[in-house]
Amino acid sequence: MSSLISSVAWVRRGVAARHPTKYTLDDQELERVSALARVELEDARKELEEAHKAALSMGKGAEGEEADDADEDDEGEWVDEDDDAMDQDVPMDQDQPEKSAEAKPKGDDLEEYHLDDYDKDEGMPGMGPFSNIKGLTYYRNNDEDPYITLKEDDEEQERQELEVLPTDNLVVVAKTEDEISQLEIYVYDESEENLYVHHDLMLPSFPLCLEWLDFPPVSSPAARPPPDGGAPAQFGNFIAVGTLDPEIEIWSLDVVEAMYPDMVLGRPDKTAAHVPTPLGTGKKKRKKTKARPASTAHHVDAVLGLSWNRTHRNLLASASADRTVKLWDLSRDPTINGEGGEGEGALRSFDVHKDKVQAVQWNQADPTVLLTGSYDRTVRTFDSRAPDAGVGAVVGADVEALRWDPWETHSFYVSLENGLVLNFDARALPSDLSSPSPARFTVAAHDGAVSALDINPHVRGVIATGGTDKVVKVWNVTEDQDLGKRQVSLVISRDLGVGKVFSTVWSPDDPLTLAAAGSKAKLQIWDIGANANARKVLGPKIAEAGRVLKEKQGGGVISVDTDDEDSSGDEDGGEGDE
């Protein structure tokens, strides 16, 4: 599997803890992890038993106690040729007694090296500054050495290295490299134009989507009352991760070197990711597995999209390849009773599509309304309290991404596999998908799938798209008062050197800064304000929004330098500006 970044998420300034804590496996955490990992441990035990049986059937010996017994039985069969030489201990400061030549075994291959005479150099005097080396005193560390007066405080130094300033953004990327999946958490300092990796978190499966949230899940250590008393924290800094596995993991971004997520949504004991059920025998057993039975309480296939409700902060929506959309309550314990009945999983399960559900998003202005897009080439919007009363549209191609327009309550954008971006008004959509549902306007955005889409939250009518043609584009949508129609124009486009673009996300703090990543496993921060044409076109809109346009002296692209990075990447990207 090639290296790539599948998703990117920003964390606004001032949210992250200034001094992240290190992961501690105390008694409470051990108890929580034991409940969380019981399924994985059980699966590992089953696999070990199967491997043990297979080894016995193949005649490769036994494991465990049987192997220990076999070793004990074989001990008597081994003979140490030097047993006679080791019968008597000799102090190290004395020479070994000489052995006569007759005592040496005939045909000794080491005889030519005269090892028996190795210690006969008593006559050589000690020379050099280390001749009296026995008088030197060694200390385990510098803190114990009285001659070193400048002591190093490793903990304080590490604390300073991990510090996140209130003026810093965090950027979280879902990265897979050399078949190893992880979350990389970057720190971006806009004033210094500095970007670096702060820490990372290992993932058990290939990540597909990310969603930031500030609600502490009930099973998180952050939700516990503090040791000195008081109420538990009401806000935090968390990231939800959807992967190829049916489970959703929620991690704290304020804890470094974490080993286990704060919450797992799903039923890994029923999805049995580690020990799949075989279909048939022989070659079919190795190639295929039985489809997991559908469930209303948990996903049974990959999680493709996530959306956190910013009004009802305990709610998280997920879209899956199992054709369902599920609603989760983060304030409920996912391991109640340890048994896991059907009522202990997702709050609701919506079957509104006939194929994989690629994307889902809550409407911020109407927090009970969901927008979903699917590979069945439809989009649906419905109230989560009455999903049967929803409306939708046929879009003519597989849905890649979708976004509500934060500037218009009922408007949303959809990007498609055929390179188009459509804009709809939800109020004009029919409840019957067989009825016509024309888009308000269409943009031929890319030569290939439009795999990334985002709407600028600071400046009205500015959208960013990214495609498999390796180009990131910024568009300006204006209202033509004379014609009564919307006009869409390209502001700037650029090949940022990230390969096929899988994610483009606007900064939550800077009006003209976005993050992009893709198939080359490289993250780029792009400030389009460094481009003169972008400043000219978007300057009036930024002033109207009450924001200040900061002119940058550099090229506007910030990345993490690597040893094997092609120095021509930025130059090629610069030529792509329009």
# chains A, B, ... in the order shown; residues from 1 in each chain; ligands from 1
$ residues_around --residues "Ala222 in chain A" --least-positions-apart "6" --cutoff "8 Å" --atoms "only C-alpha atoms" --output "PyMOL selection string"
chain A and resi 216+232-233+236
$ select_by_dssp --residues "range 322-536 of chain A" --states "alpha helix (DSSP H)" --output "PyMOL selection string"
chain A and resi 532-536
$ closest_residue --among "A:Ile463, A:Leu115, A:Leu327, A:Leu210" --to "Leu265 in chain A" --atoms "only C-alpha atoms"
A:Leu327
$ residues_around --residues "Glu247 in chain A" --least-positions-apart "6" --cutoff "10 Å" --atoms "only C-alpha atoms" --output "NGL selection string"
:A and (205 or 241 or 264-268 or 271 or 273 or 298-303)
$ residues_around --residues "Gln234 in chain A" --least-positions-apart "2" --cutoff "12 Å" --atoms "only C-alpha atoms" --output "list of chain:residue names"
A:Leu213, A:Asp214, A:Phe215, A:Pro216, A:Pro217, A:Val218, A:Ser220, A:Ala222, A:Ala223, A:Arg224, A:Pro225, A:Gly230, A:Ala231, A:Pro232, A:Gly236, A:Asn237, A:Arg313, A:Asn314, A:Ser331
$ write_last_selection --atoms "C-alpha atoms" --output "short mmCIF file (atom, residue, chain, number, x, y, z; two decimals), in the first residue's frame"
data_model
loop_
_atom_site.label_atom_id
_atom_site.label_comp_id
_atom_site.auth_asym_id
_atom_site.auth_seq_id
_atom_site.Cartn_x
_atom_site.Cartn_y
_atom_site.Cartn_z
CA LEU A 213 -15.03 17.55 18.75
CA ASP A 214 -14.78 19.18 22.17
CA PHE A 215 -17.19 16.93 24.09
CA PRO A 216 -15.41 14.59 26.57
CA PRO A 217 -16.75 11.05 25.96
CA VAL A 218 -18.10 9.42 29.08
CA SER A 220 -12.59 9.21 28.64
CA ALA A 222 -10.97 13.54 30.99
CA ALA A 223 -14.60 12.95 32.01
CA ARG A 224 -13.62 11.73 35.48
CA PRO A 225 -13.87 14.09 38.47
CA GLY A 230 -14.88 19.39 41.73
CA ALA A 231 -16.86 18.80 38.56
CA PRO A 232 -15.41 16.90 35.59
CA GLY A 236 -11.83 18.97 25.75
CA ASN A 237 -9.83 18.41 22.59
CA ARG A 313 -22.45 18.36 21.64
CA ASN A 314 -22.90 14.76 22.77
CA SER A 331 -22.56 10.52 27.04
#
$ residues_around --residues "Gln182 in chain A" --least-positions-apart "5" --cutoff "10 Å" --atoms "only C-alpha atoms" --output "CSV table (one decimal) with N, CA and C atoms, in the first residue's frame"
chain,number,residue,atom,x,y,z
A,5,ILE,N,-2.2,10.6,2.7
A,5,ILE,CA,-2.9,11.2,3.8
A,5,ILE,C,-4.4,11.2,3.3
A,173,VAL,N,-3.7,14.9,10.8
A,173,VAL,CA,-3.8,14.2,9.6
A,173,VAL,C,-3.9,12.7,9.8
A,174,ALA,N,-4.7,12.1,9.0
A,174,ALA,CA,-4.8,10.6,9.0
A,174,ALA,C,-3.8,10.1,7.9
A,175,LYS,N,-2.7,9.5,8.4
A,175,LYS,CA,-1.6,9.1,7.5
A,175,LYS,C,-1.4,7.6,7.5
A,176,THR,N,-1.1,7.1,6.3
A,176,THR,CA,-0.7,5.7,6.2
A,176,THR,C,0.6,5.7,5.4
A,177,GLU,N,1.6,5.1,6.0
A,177,GLU,CA,2.9,5.0,5.3
A,177,GLU,C,3.5,3.7,5.6
A,200,ASP,N,2.4,11.9,17.6
A,200,ASP,CA,1.6,11.0,16.7
A,200,ASP,C,0.9,9.9,17.6
A,201,LEU,N,-0.1,9.3,17.0
A,201,LEU,CA,-0.9,8.3,17.7
A,201,LEU,C,-1.1,7.1,16.7
A,202,MET,N,-0.7,5.9,17.1
A,202,MET,CA,-0.8,4.7,16.3
A,202,MET,C,-2.3,4.3,16.1
A,203,LEU,N,-2.6,3.9,14.9
A,203,LEU,CA,-4.0,3.4,14.7
A,203,LEU,C,-4.0,1.9,14.3
A,204,PRO,N,-5.0,1.2,14.6
A,204,PRO,CA,-5.0,-0.3,14.3
A,204,PRO,C,-5.4,-0.6,12.9
A,205,SER,N,-6.0,0.4,12.1
A,205,SER,CA,-6.5,0.1,10.8
A,205,SER,C,-6.4,1.4,10.0
A,206,PHE,N,-6.6,1.2,8.6
A,206,PHE,CA,-6.4,2.3,7.7
A,206,PHE,C,-7.5,3.4,8.0
A,207,PRO,N,-7.1,4.6,8.2
A,207,PRO,CA,-8.0,5.7,8.5
A,207,PRO,C,-8.7,6.3,7.3
$ select_by_dssp --residues "range 351-495 of chain A" --states "strand (DSSP E or B)" --output "MDAnalysis selection string"
chainID A and resid 357:362 369:374 378:383 386:394 399:404 411:416 420:425 441:444 452:455 462:466 472:480 485:494
$ closest_residue --among "A:Val537, A:Ile185, A:Ala240, A:Leu370" --to "Val255 in chain A" --atoms "only C-alpha atoms"
A:Ile185
$ atom_distance --atom1 "CA of Glu158 in chain A" --atom2 "CA of Leu25 in chain A"
19.5 Å
$ atom_distance --atom1 "CA of Glu163 in chain A" --atom2 "CA of Ala17 in chain A"
8.3 Å
$ residues_around --residues "Leu490 in chain A" --least-positions-apart "6" --cutoff "7 Å" --atoms "only C-alpha atoms" --output "JSON, numbers by chain"
{"A": [474, 475, 476]}
$ closest_residue --among "A:Thr243, A:Ser191, A:Thr372, A:Ser507" --to "Asp351 in chain A" --atoms "only C-alpha atoms"
A:Thr372
$ residues_around --residues "Ala397 in chain A" --least-positions-apart "3" --cutoff "12 Å" --atoms "only C-alpha atoms" --output "list in words"
Gly373, Ser374, Tyr375, Asp376, Arg377, Thr378, Val379, Ala393, Val394, Glu400, Ala401, Val414, Ser415, Leu416, Glu417, Asn418, Gly419, Leu420, Val421, Leu422, Gly448, Ala449 and Val450 of chain A
$ atom_distance --atom1 "CA of Leu512 in chain A" --atom2 "CA of His19 in chain A"
28.6 Å
$ closest_residue --among "A:Tyr23, A:Phe441, A:Tyr188, A:Phe382" --to "Asp254 in chain A" --atoms "only C-alpha atoms"
A:Tyr23
